[in-house]
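Each remark here refers to the structure printed beneath this line.
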Amino acid sequence: MFFLFFFLYVYKNVLIELWPNSAYIKTVCVFSVSGDLLVLTVATQETDGFRRFLRSAKHFNYTIKVLGRGETWRGGDYMSPPGGGQKVRLLKSALEDIQDENRVILFVDSYDVIFSSGPRELLKKFQQAKHRVVFSAETLIWPDRHLEDKHPHVREGKRFLGAGGFIGYAPNLKKMLSDWSGADSDSDQLHFTKIYINPEKRKSINITLDNKCRLFQNLHGALDEVVLKFEDGRVRARNVLYDTLPVIIHGNGPTKINYLGNYIPNLWTFETGCTICNENLRPLSGLQSEYPVVVIGIFIQQPTPFVTVFFERLLNLKYPKNRLQLFIYNQESHHEPHVRTFLEYHESEYQGVKLIGPEEDIDPVTSRNIGFDMCRDNIDCEYFFSVDVDVVLKNEDTLRILIELNKPFIAPMMTKPGLLWTNFWGALSADGYYARSEDYVDIVQGHRVGLWNVPYISHIFLTKADALRTDLKDPDLFESATLDPDMAFCSKVRNKGVFMFVTNVHTYGRVLSTENYQTNHLHNDLWQVFENPVEWEERYIHENYSKVLKDGFIETPCPDVYWFPVFTDVACKHLIEEMEHFGQWSGGGNTDNRIQGGYENVPTIDIHMNQVGYEKEWQKFLLDYAAPVTEKMYPGYYTRFDLAFVVRYKPDEQPALRPHHDASTFTINIALNQVGIDYQGGGCRFLRYNCSVNAPRRGWALMHPGRLTHYHEGLPTVQGVRYIVVSFVDP
């Protein structure tokens with residue numbers, strides 16, 4: 001963990017440089033407020049947090065200067081005291097060169113700090129405090145709780161000192177630091193706390209706390225106090241507990257700035273939307289040289305629906321396959337045929353493939369590290385694209401878009417239909433777990449579109465290989481004694497100062513539900529109509545079904561007989577194969593113990609849906625996709641479905657069905673295979689109208705009255721095997 005502080009020097013209302021040999025970023029600023037302001041920072045390394053800090057400072061025309069460049073950080077981190085003494089040493093050294101007794105010094109962290117307003121307001125509020133030194137204030141005491149009773153009581157506001165930000169006159173700060181002789185690893189927080197709780201020193205130095213957060217807002221233990229305030233194209237934080245507008249926002253402790261830093265001071269406003277989404281891009285369109293090499297890590301850690309579809313979408317990514325390497329980790333024997341089939345047909349298209357199967361008995365955490373190493377060890381690899389197999393990548397441009405955004409760590413926003421669930425968290429609770437940010441719902445629902453720095457990402461992300469080789473090179477990124485691997489990983493990414501971004505500028509896809517996925521059938525995805533209805537529909541419902549109700553895409557081949565598309569070829573194929581896999585076809589006799597009464601007047605060779613455990617799923621399909629059509633074509637009838645079964649016609653078994661009325665008010669008959677390809681003959685003849693449907697289309701439903709008017713027969717199948725699925729409907 002590294003810390004940064006910065007300084008700004010204003011003399012006679014004009015900015016000038018100090019320490020010209022130090023690294024600095026300079027802007028121009030003029031103040032009308034009397035007094036000189038100097039702001040100090042220490043930096044041993046630039047991070048995303050520091051660059052965010054610079055952006056906010058530049059917006060308000062601060063001049064940034066950095067001390068401590070080139071030093072190794074030995075000041076510890078916020079998670080385990082002591083620490084921070086290195087900051088005190090560098091501050092004390094810098095103050096020795098300042099002789100002006102009227103000089104005002106601001107000392108503030110920067111990796112987790114942003115400015116919400118400019119120097120004018122800062123100086124004005126400092127002067128109104130009427131003390132020579134003002135520290136930020138905390139709700140929680142740290143690092144020594146035994147000192148709580150020694151803190152002065154306050155009538156209103158926060159009681160405990162925060163060392164992450166303070167402002168004061170140079171002579172007073174020198175006096176405050178005069179006794180410091182600690183090590184770099186000693187605690188700055190504890191040092192300043194002991195000075196503050198000493199009544200004589202507190203009075204002598206003239207120290208107070210910013211109890212109501214007028215200058216400083218520390219977020220640790222105070223997230224519920226702070227909301228965004230949008231006003232005239234500008235955004236700042238408002239403390240609703242004290243009705244104040246702090247100038248400096250500090251995401252101290254485990255609570256980082258997160259969503260506040262996505263807005264303040266003007267990164268996203270209602271007037272402009274996202275102001276940084278098009279900055280520092282890496283365009284790939286029109287690229288003259290080769291695309292960057294990407295290792296795609298595919299992780300199959302549990303039985304998951306629609307794995308075949310996952311690989312189909314992987315193939316459809318708009319990215320040159322000769323610039324892609326695949327790392328596939330499959331822990332599930334059930335999915336070995338899916339992986340094997342994909343590689344059999346497509347492995348040669350990719351630059352390289354590494355497969356770890358269930359027989360290798362490698363745990364999921366180790367597999368992630370192996371995947372990272374595949375990219376780290378390849379000098380040509382520029383990105384690692386991690387994708388869990390339950391991700392539905394609908395947007396074929398996803399990989400290109402993420403690379404062009406040019407962030408060290410970025411993910412596309414993924415959702416679950418009908419839920420507010422996503423693959424990111426908007427904020428963290430004080431103990432490091434999920435918390436809903438103020439803007440979470442608006443981002444999920446697309447009311448706010450942009451690029452968002454978030455504390456947690458799962459299921460899918462793109463990270464630069466440079467980050468894996470430097471900040472994220474440790475082998476224990478996924479390990480923790482208390483956290484799940486995904487939370488441990490995100491925690492360590494945050495602690496390394498790497499920002500995790502999520503983008504919702506485009507629609508990218510969704511994440512499947514896997515909780516109740518069973519693998520005891522041949523085509524288990526057929527059973528996903530409840531758990532994953534959107535994916536189920538895309539897989540199994542005909543692409544033209546939406547036109548049936550919207551555009552009247554219904555044919556009438558015979559009087560009161562309606563014909564419309566409902567199933568895809570895949571749905572038909574899976575239903576046939578599922579029934580043949582089950583194999584317990586009826587004998588075609590009149591005695592049938594499966595039905596009430598045990599007698600079938602017009603028997604067929606069939607399998608009932610309830611025999612294969614598909615009755616509830618079939619009812620769901622009929623209610624969602626057949627009922628709207630039946631109620632449109634036969635108004636006044638409430639749709640209730642009784643019997644559903646798949647019928648098989650074979651020349652040497654049961655080629656046809658004699659004339660009959662169905663035991664229904666009306667019947668839905670769906671062709672599952674194709675005449676002329678799978679069989680010859682077949683069809684349905686309505687005797688009263690002398691009208692036949694001789695060429696049933698695969699996946700199309702034939703709907704007709706049952707008991708009264710439409711006496712009909714099944715025409716002979718003379719070659720091959722014909723399959724239909726029949727549902728009886730009674731109001």
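As shown in the structure tokens, the chain order sets the letters A, B, ...; within each chain, residues go from 1, and ligands are also counted from 1 in the order they appear.
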Applying 7 Å and only C-alpha atoms, which residues near Leu228 in chain A remain after dropping the ones on its own chain fewer than 6 positions away? List them as a PDB file with all heavy atoms, in the first residue's frame.
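Saved the output as around14.pdb:
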```pdb
ATOM      1  N   VAL A 235     -21.171  18.262  -9.659  1.00  0.00           N
ATOM      2  CA  VAL A 235     -21.561  17.276  -8.654  1.00  0.00           C
ATOM      3  C   VAL A 235     -20.629  17.392  -7.455  1.00  0.00           C
ATOM      4  O   VAL A 235     -19.417  17.545  -7.615  1.00  0.00           O
ATOM      5  CB  VAL A 235     -21.479  15.839  -9.209  1.00  0.00           C
ATOM      6  CG1 VAL A 235     -22.131  14.857  -8.233  1.00  0.00           C
ATOM      7  CG2 VAL A 235     -22.132  15.735 -10.576  1.00  0.00           C
ATOM      8  N   ARG A 236     -21.207  17.337  -6.284  1.00  0.00           N
ATOM      9  CA  ARG A 236     -20.405  17.278  -5.074  1.00  0.00           C
ATOM     10  C   ARG A 236     -21.118  16.431  -4.041  1.00  0.00           C
ATOM     11  O   ARG A 236     -22.256  16.004  -4.238  1.00  0.00           O
ATOM     12  CB  ARG A 236     -20.080  18.667  -4.544  1.00  0.00           C
ATOM     13  CG  ARG A 236     -21.265  19.505  -4.099  1.00  0.00           C
ATOM     14  CD  ARG A 236     -20.795  20.903  -3.731  1.00  0.00           C
ATOM     15  NE  ARG A 236     -19.743  20.867  -2.705  1.00  0.00           N
ATOM     16  CZ  ARG A 236     -19.100  21.956  -2.290  1.00  0.00           C
ATOM     17  NH1 ARG A 236     -19.382  23.141  -2.808  1.00  0.00           N
ATOM     18  NH2 ARG A 236     -18.172  21.860  -1.351  1.00  0.00           N
ATOM     19  N   ALA A 237     -20.429  16.165  -2.949  1.00  0.00           N
ATOM     20  CA  ALA A 237     -21.004  15.341  -1.889  1.00  0.00           C
ATOM     21  C   ALA A 237     -21.685  16.229  -0.854  1.00  0.00           C
ATOM     22  O   ALA A 237     -21.195  17.314  -0.526  1.00  0.00           O
ATOM     23  CB  ALA A 237     -19.920  14.506  -1.223  1.00  0.00           C
ATOM     24  N   ARG A 238     -22.797  15.751  -0.346  1.00  0.00           N
ATOM     25  CA  ARG A 238     -23.513  16.465   0.716  1.00  0.00           C
ATOM     26  C   ARG A 238     -23.654  15.544   1.913  1.00  0.00           C
ATOM     27  O   ARG A 238     -24.064  14.386   1.780  1.00  0.00           O
ATOM     28  CB  ARG A 238     -24.885  16.894   0.232  1.00  0.00           C
ATOM     29  CG  ARG A 238     -25.750  17.512   1.330  1.00  0.00           C
ATOM     30  CD  ARG A 238     -27.050  18.071   0.782  1.00  0.00           C
ATOM     31  NE  ARG A 238     -27.931  18.507   1.837  1.00  0.00           N
ATOM     32  CZ  ARG A 238     -29.026  17.862   2.242  1.00  0.00           C
ATOM     33  NH1 ARG A 238     -29.374  16.740   1.631  1.00  0.00           N
ATOM     34  NH2 ARG A 238     -29.769  18.321   3.228  1.00  0.00           N
TER      35      ARG A 238
END
```
List the neighbours of Lys573 in chain A out to 9 Å using only C-alpha atoms; skip same-chain residues closer than 4 positions along the sequence, and give me the result as a PyMOL selection string.
-> chain A and resi 568-569+577-578+672-673
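Nearest residue to Val646 in chain A among A:Thr556, A:Asn524, A:Gln611, A:Asn172 is A:Gln611, counting only C-alpha atoms.
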What residues in range 50-149 of chain A get the DSSP label alpha helix (DSSP H)? Please answer as a short mmCIF file (atom, residue, chain, number, x, y, z; two decimals) with C-alpha atoms, in the first residue's frame.
```cif
data_model
loop_
_atom_site.label_atom_id
_atom_site.label_comp_id
_atom_site.auth_asym_id
_atom_site.auth_seq_id
_atom_site.Cartn_x
_atom_site.Cartn_y
_atom_site.Cartn_z
CA PHE A 50 -3.67 9.18 -7.78
CA ARG A 51 -4.70 9.89 -11.38
CA ARG A 52 -8.29 10.35 -10.22
CA PHE A 53 -7.02 12.73 -7.55
CA LEU A 54 -5.06 14.72 -10.13
CA ARG A 55 -8.14 15.03 -12.30
CA SER A 56 -10.18 16.57 -9.49
CA ALA A 57 -7.33 18.91 -8.54
CA LYS A 58 -6.86 20.02 -12.12
CA HIS A 59 -10.56 20.72 -12.42
CA GLY A 85 5.12 7.18 9.94
CA GLN A 86 6.86 7.69 6.62
CA LYS A 87 4.35 10.42 5.81
CA VAL A 88 5.13 12.22 9.05
CA ARG A 89 8.87 12.08 8.43
CA LEU A 90 8.53 13.58 4.95
CA LEU A 91 6.08 16.22 6.17
CA LYS A 92 8.37 17.25 9.01
CA SER A 93 11.29 17.55 6.59
CA ALA A 94 9.26 19.68 4.15
CA LEU A 95 8.09 22.03 6.92
CA PRO A 119 -9.08 26.51 -2.71
CA ARG A 120 -11.25 29.58 -2.17
CA GLU A 121 -13.94 27.62 -0.33
CA LEU A 122 -11.35 25.55 1.52
CA LEU A 123 -9.54 28.60 2.90
CA LYS A 124 -12.76 30.35 3.79
CA LYS A 125 -14.04 27.39 5.81
CA PHE A 126 -10.67 26.99 7.51
CA GLN A 127 -10.72 30.62 8.62
CA GLN A 128 -14.28 30.20 9.91
CA ALA A 129 -13.09 27.34 12.14
#
```
Under the rule of at most 12 Å, produce a per-residue listing of range 265-328 of chain A near range 391-409 of chain A: chain, number, name, the closest pair of atoms, and the distance in Å, as a tab-separated table, using only C-alpha atoms.
```
residue	atom	partner	partner_atom	distance
A:Ile276	CA	A:Leu405	CA	10.1
A:Cys277	CA	A:Leu405	CA	7.6
A:Asn278	CA	A:Leu405	CA	7.6
A:Glu279	CA	A:Leu405	CA	8.1
A:Asn280	CA	A:Asn406	CA	6.9
A:Leu281	CA	A:Leu405	CA	5.1
A:Arg282	CA	A:Glu404	CA	4.4
A:Pro283	CA	A:Glu404	CA	5.2
A:Leu284	CA	A:Glu404	CA	6.5
A:Ser285	CA	A:Arg400	CA	9.0
A:Leu287	CA	A:Glu404	CA	11.5
A:Tyr291	CA	A:Arg400	CA	9.7
A:Pro292	CA	A:Ile403	CA	8.9
A:Val293	CA	A:Ile403	CA	10.9
A:Val294	CA	A:Leu399	CA	9.3
A:Val295	CA	A:Leu399	CA	11.3
A:Ile296	CA	A:Leu399	CA	9.9
A:Ile298	CA	A:Val391	CA	10.0
A:Phe299	CA	A:Val391	CA	10.2
A:Ile300	CA	A:Val391	CA	10.6
A:Thr304	CA	A:Val391	CA	10.0
A:Pro305	CA	A:Val391	CA	10.4
A:Phe306	CA	A:Val392	CA	9.1
A:Val307	CA	A:Val391	CA	9.6
A:Thr308	CA	A:Val392	CA	11.2
A:Val309	CA	A:Val392	CA	8.4
A:Phe310	CA	A:Val392	CA	6.5
A:Phe311	CA	A:Leu393	CA	9.8
A:Glu312	CA	A:Leu393	CA	9.8
A:Arg313	CA	A:Leu393	CA	6.3
A:Leu314	CA	A:Leu393	CA	7.6
A:Leu315	CA	A:Glu396	CA	9.2
A:Asn316	CA	A:Glu396	CA	6.1
A:Leu317	CA	A:Glu396	CA	4.5
A:Lys318	CA	A:Glu396	CA	5.6
A:Tyr319	CA	A:Arg400	CA	7.0
A:Pro320	CA	A:Arg400	CA	10.3
A:Lys321	CA	A:Leu399	CA	12.0
A:Leu324	CA	A:Leu399	CA	10.9
```
Who sits within 8 Å of Gly118 in chain A, only C-alpha atoms, same chain under 6 positions skipped, as a PyMOL selection string | chain A and resi 60-62+247
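For the choices A:Pro412, A:Gln518, A:Glu225, A:Gln351, the atom-to-atom distance to Gln302 in chain A is smallest for A:Gln518 when using only C-alpha atoms.
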Neighbour list for Ser204 in chain A as a ChimeraX atom specification, cut-off 10 Å, only C-alpha atoms, skip fewer than 4 positions in-chain = /A:132,172,175-176,198-200
Could the residues of range 528-639 of chain A that have an atom at most 10 Å from range 721-730 of chain A be listed as a Markdown table, each with its closest atom pair and the distance in Å to one decimal, counting only C-alpha atoms and ordered by chain and ascending residue number?
```
| residue | atom | partner | partner_atom | distance |
| --- | --- | --- | --- | --- |
| A:Cys572 | CA | A:Tyr723 | CA | 9.1 |
| A:Leu575 | CA | A:Val725 | CA | 8.9 |
| A:Ile576 | CA | A:Tyr723 | CA | 7.2 |
| A:Asp606 | CA | A:Val725 | CA | 9.1 |
| A:Ile607 | CA | A:Val725 | CA | 9.5 |
| A:His608 | CA | A:Val725 | CA | 9.5 |
| A:Met609 | CA | A:Val725 | CA | 9.5 |
| A:Trp618 | CA | A:Ser727 | CA | 9.4 |
| A:Gln619 | CA | A:Ser727 | CA | 9.6 |
| A:Leu622 | CA | A:Ser727 | CA | 8.7 |
| A:Ala627 | CA | A:Val729 | CA | 9.5 |
| A:Thr630 | CA | A:Val729 | CA | 9.3 |
| A:Tyr637 | CA | A:Asp730 | CA | 8.4 |
| A:Tyr638 | CA | A:Asp730 | CA | 8.1 |
| A:Thr639 | CA | A:Asp730 | CA | 6.6 |
```
Put those residues in a file: N, CA, C and O atoms, as a PDB file, in the first residue's frame.
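As written to disk, selection.pdb reads:
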```
ATOM      1  N   CYS A 572     -37.206 -29.014 -31.641  1.00  0.00           N
ATOM      2  CA  CYS A 572     -37.784 -30.233 -32.200  1.00  0.00           C
ATOM      3  C   CYS A 572     -36.815 -31.402 -32.056  1.00  0.00           C
ATOM      4  O   CYS A 572     -37.204 -32.513 -31.659  1.00  0.00           O
ATOM      5  N   LEU A 575     -36.564 -32.541 -28.344  1.00  0.00           N
ATOM      6  CA  LEU A 575     -37.743 -33.272 -27.873  1.00  0.00           C
ATOM      7  C   LEU A 575     -37.757 -34.699 -28.419  1.00  0.00           C
ATOM      8  O   LEU A 575     -38.052 -35.658 -27.690  1.00  0.00           O
ATOM      9  N   ILE A 576     -37.442 -34.856 -29.694  1.00  0.00           N
ATOM     10  CA  ILE A 576     -37.396 -36.201 -30.277  1.00  0.00           C
ATOM     11  C   ILE A 576     -36.352 -37.050 -29.569  1.00  0.00           C
ATOM     12  O   ILE A 576     -36.614 -38.190 -29.148  1.00  0.00           O
ATOM     13  N   ASP A 606     -47.019 -43.537 -28.212  1.00  0.00           N
ATOM     14  CA  ASP A 606     -46.659 -42.210 -27.702  1.00  0.00           C
ATOM     15  C   ASP A 606     -45.969 -42.302 -26.349  1.00  0.00           C
ATOM     16  O   ASP A 606     -45.912 -43.359 -25.728  1.00  0.00           O
ATOM     17  N   ILE A 607     -45.458 -41.165 -25.905  1.00  0.00           N
ATOM     18  CA  ILE A 607     -44.934 -40.976 -24.553  1.00  0.00           C
ATOM     19  C   ILE A 607     -45.546 -39.696 -24.000  1.00  0.00           C
ATOM     20  O   ILE A 607     -45.488 -38.647 -24.645  1.00  0.00           O
ATOM     21  N   HIS A 608     -46.146 -39.786 -22.821  1.00  0.00           N
ATOM     22  CA  HIS A 608     -46.749 -38.610 -22.194  1.00  0.00           C
ATOM     23  C   HIS A 608     -45.663 -37.736 -21.561  1.00  0.00           C
ATOM     24  O   HIS A 608     -44.639 -38.234 -21.085  1.00  0.00           O
ATOM     25  N   MET A 609     -45.928 -36.455 -21.535  1.00  0.00           N
ATOM     26  CA  MET A 609     -44.955 -35.519 -20.972  1.00  0.00           C
ATOM     27  C   MET A 609     -44.662 -35.813 -19.500  1.00  0.00           C
ATOM     28  O   MET A 609     -43.528 -35.643 -19.037  1.00  0.00           O
ATOM     29  N   TRP A 618     -43.985 -28.172 -19.765  1.00  0.00           N
ATOM     30  CA  TRP A 618     -44.822 -28.097 -20.960  1.00  0.00           C
ATOM     31  C   TRP A 618     -46.030 -27.202 -20.727  1.00  0.00           C
ATOM     32  O   TRP A 618     -46.417 -26.421 -21.605  1.00  0.00           O
ATOM     33  N   GLN A 619     -46.595 -27.281 -19.547  1.00  0.00           N
ATOM     34  CA  GLN A 619     -47.706 -26.389 -19.215  1.00  0.00           C
ATOM     35  C   GLN A 619     -47.250 -24.928 -19.278  1.00  0.00           C
ATOM     36  O   GLN A 619     -47.971 -24.058 -19.769  1.00  0.00           O
ATOM     37  N   LEU A 622     -47.011 -23.917 -22.925  1.00  0.00           N
ATOM     38  CA  LEU A 622     -48.322 -23.718 -23.535  1.00  0.00           C
ATOM     39  C   LEU A 622     -48.981 -22.421 -23.054  1.00  0.00           C
ATOM     40  O   LEU A 622     -49.573 -21.684 -23.839  1.00  0.00           O
ATOM     41  N   ALA A 627     -51.268 -20.288 -25.435  1.00  0.00           N
ATOM     42  CA  ALA A 627     -52.498 -19.671 -24.935  1.00  0.00           C
ATOM     43  C   ALA A 627     -52.800 -18.316 -25.573  1.00  0.00           C
ATOM     44  O   ALA A 627     -53.963 -18.051 -25.930  1.00  0.00           O
ATOM     45  N   THR A 630     -54.386 -19.183 -28.930  1.00  0.00           N
ATOM     46  CA  THR A 630     -55.697 -19.817 -28.839  1.00  0.00           C
ATOM     47  C   THR A 630     -56.766 -18.819 -28.403  1.00  0.00           C
ATOM     48  O   THR A 630     -57.891 -18.838 -28.920  1.00  0.00           O
ATOM     49  N   TYR A 637     -62.746 -18.364 -24.796  1.00  0.00           N
ATOM     50  CA  TYR A 637     -62.318 -19.606 -24.154  1.00  0.00           C
ATOM     51  C   TYR A 637     -61.093 -19.339 -23.288  1.00  0.00           C
ATOM     52  O   TYR A 637     -60.089 -18.812 -23.764  1.00  0.00           O
ATOM     53  N   TYR A 638     -61.198 -19.726 -22.034  1.00  0.00           N
ATOM     54  CA  TYR A 638     -60.023 -19.684 -21.170  1.00  0.00           C
ATOM     55  C   TYR A 638     -59.221 -20.962 -21.403  1.00  0.00           C
ATOM     56  O   TYR A 638     -59.777 -22.061 -21.419  1.00  0.00           O
ATOM     57  N   THR A 639     -57.947 -20.807 -21.609  1.00  0.00           N
ATOM     58  CA  THR A 639     -57.120 -21.938 -21.998  1.00  0.00           C
ATOM     59  C   THR A 639     -56.692 -22.760 -20.785  1.00  0.00           C
ATOM     60  O   THR A 639     -56.033 -22.259 -19.891  1.00  0.00           O
TER      61      THR A 639
END
```
From the DSSP assignment of the backbone, select every residue of range 288-489 of chain A that is strand (DSSP E or B), and format the answer as a PyMOL selection string.
-> chain A and resi 293-300+324-330+352-356+381-388+391-393+409-412+415+422+424-425+427-428+434-435+451-454+456-457+460-464
Would you kindly return, as a PDB file with C-alpha atoms, in the first residue's frame, each protein, DNA or RNA residue with an atom no farther than 8 Å from any atom of range 159-171 of chain A, considering only C-alpha atoms and excluding same-chain residues fewer than 5 positions away?
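out_22.pdb, written as the output of this step:
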```pdb
ATOM      1  CA  LEU A  95       8.091  22.028   6.918  1.00  0.00           C
ATOM      2  CA  ILE A  98       9.007  27.021   5.392  1.00  0.00           C
ATOM      3  CA  ASP A 100       6.552  32.234   6.588  1.00  0.00           C
ATOM      4  CA  GLU A 101       4.437  32.218   9.764  1.00  0.00           C
ATOM      5  CA  ASN A 102       1.259  33.013   7.797  1.00  0.00           C
ATOM      6  CA  ARG A 103       1.604  30.061   5.479  1.00  0.00           C
ATOM      7  CA  VAL A 104      -1.378  27.670   5.547  1.00  0.00           C
ATOM      8  CA  ILE A 105      -0.564  24.008   4.991  1.00  0.00           C
ATOM      9  CA  LEU A 106      -3.003  21.368   3.737  1.00  0.00           C
ATOM     10  CA  PHE A 107      -1.883  17.784   4.279  1.00  0.00           C
ATOM     11  CA  VAL A 108      -4.116  15.098   2.751  1.00  0.00           C
ATOM     12  CA  ASP A 109      -3.989  11.568   1.391  1.00  0.00           C
ATOM     13  CA  PHE A 126     -10.670  26.995   7.506  1.00  0.00           C
ATOM     14  CA  ARG A 132      -4.773  27.256  13.973  1.00  0.00           C
ATOM     15  CA  VAL A 133      -5.024  23.536  13.076  1.00  0.00           C
ATOM     16  CA  VAL A 134      -8.128  21.633  11.913  1.00  0.00           C
ATOM     17  CA  PHE A 135      -8.129  17.840  11.581  1.00  0.00           C
ATOM     18  CA  SER A 136     -10.704  15.756   9.784  1.00  0.00           C
ATOM     19  CA  ALA A 137     -13.094  13.957  12.113  1.00  0.00           C
ATOM     20  CA  GLU A 138     -14.150  10.314  12.337  1.00  0.00           C
ATOM     21  CA  THR A 139     -17.170   8.423  13.601  1.00  0.00           C
ATOM     22  CA  LEU A 140     -14.974   5.470  14.593  1.00  0.00           C
ATOM     23  CA  ILE A 141     -11.863   5.491  16.734  1.00  0.00           C
ATOM     24  CA  HIS A 151     -11.275  12.312  23.567  1.00  0.00           C
ATOM     25  CA  PRO A 152     -13.075  15.572  24.312  1.00  0.00           C
ATOM     26  CA  HIS A 153     -16.845  15.326  24.134  1.00  0.00           C
ATOM     27  CA  VAL A 154     -18.590  17.459  21.528  1.00  0.00           C
ATOM     28  CA  ASP A 188       0.761   8.623  12.242  1.00  0.00           C
ATOM     29  CA  GLN A 189      -2.847   8.284  13.396  1.00  0.00           C
ATOM     30  CA  PHE A 192      -1.656  12.802  16.190  1.00  0.00           C
ATOM     31  CA  THR A 193      -4.371  11.281  18.393  1.00  0.00           C
ATOM     32  CA  TYR A 196      -5.057  15.856  20.413  1.00  0.00           C
ATOM     33  CA  LEU A 209     -11.721  18.810  14.665  1.00  0.00           C
ATOM     34  CA  ASN A 211     -16.786  17.816  13.587  1.00  0.00           C
ATOM     35  CA  PHE A 216     -13.231  17.015   5.247  1.00  0.00           C
ATOM     36  CA  ASN A 218     -14.145  10.706   5.903  1.00  0.00           C
ATOM     37  CA  HIS A 250     -11.606  10.759   1.772  1.00  0.00           C
ATOM     38  CA  ASN A 252     -10.426   5.963   4.281  1.00  0.00           C
TER      39      ASN A 252
END
```
If you count only C-alpha atoms, which residues fall within 6 Å of Ile541 in chain A, apart from same-chain ones fewer than 4 positions away, as a VMD selection string?
-> chain A and resid 537 566 to 568
Same residues, N, CA and C atoms, output as an mmCIF file, in the first residue's frame:
```cif
data_model
loop_
_atom_site.group_PDB
_atom_site.id
_atom_site.type_symbol
_atom_site.label_atom_id
_atom_site.label_comp_id
_atom_site.auth_asym_id
_atom_site.auth_seq_id
_atom_site.Cartn_x
_atom_site.Cartn_y
_atom_site.Cartn_z
ATOM 1 N N GLU A 537 -36.179 -19.251 -24.284
ATOM 2 C CA GLU A 537 -36.929 -18.751 -25.446
ATOM 3 C C GLU A 537 -36.021 -18.571 -26.660
ATOM 4 N N VAL A 566 -43.740 -21.982 -33.929
ATOM 5 C CA VAL A 566 -43.582 -21.897 -32.483
ATOM 6 C C VAL A 566 -42.234 -22.446 -32.004
ATOM 7 N N PHE A 567 -41.712 -23.517 -32.607
ATOM 8 C CA PHE A 567 -40.482 -24.143 -32.141
ATOM 9 C C PHE A 567 -39.336 -23.957 -33.132
ATOM 10 N N THR A 568 -38.121 -23.856 -32.597
ATOM 11 C CA THR A 568 -36.928 -23.890 -33.437
ATOM 12 C C THR A 568 -36.617 -25.337 -33.817
#
```
Give me the residues within 6 Å of Trp452 in chain A as an MDAnalysis selection string, counting only C-alpha atoms and dropping any in the same chain fewer than 4 places off.
-> chainID A and resid 262 501:502
Could you turn the residues from that selection into a file that holds N, CA and C atoms, as a CSV table (one decimal), in the first residue's frame?
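Ended up saving to selection_22.csv:
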```csv
chain,number,residue,atom,x,y,z
A,262,ASN,N,-17.1,8.5,-9.1
A,262,ASN,CA,-17.6,8.4,-10.5
A,262,ASN,C,-18.3,9.6,-10.9
A,501,PHE,N,-13.3,-1.3,-13.3
A,501,PHE,CA,-14.4,-0.5,-13.9
A,501,PHE,C,-15.4,-1.5,-14.5
A,502,VAL,N,-16.7,-1.0,-14.5
A,502,VAL,CA,-17.7,-1.7,-15.2
A,502,VAL,C,-18.4,-0.7,-16.2
```
Atom pair CA of Gln654 in chain A / CA of Cys691 in chain A: separation (Å) | 22.4 Å
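When only C-alpha atoms are used to compute distances to Thr519 in chain A, the closest of the residues A:His334, A:Lys194, A:Arg539, A:Lys416 turns out to be A:His334.
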Go through A:Pro303, A:Glu271, A:Glu156, A:Gln584 one by one, measure the shortest atom-to-atom distance of each to Asp525 in chain A using only C-alpha atoms, and give the residue with the smallest value.
-> A:Pro303
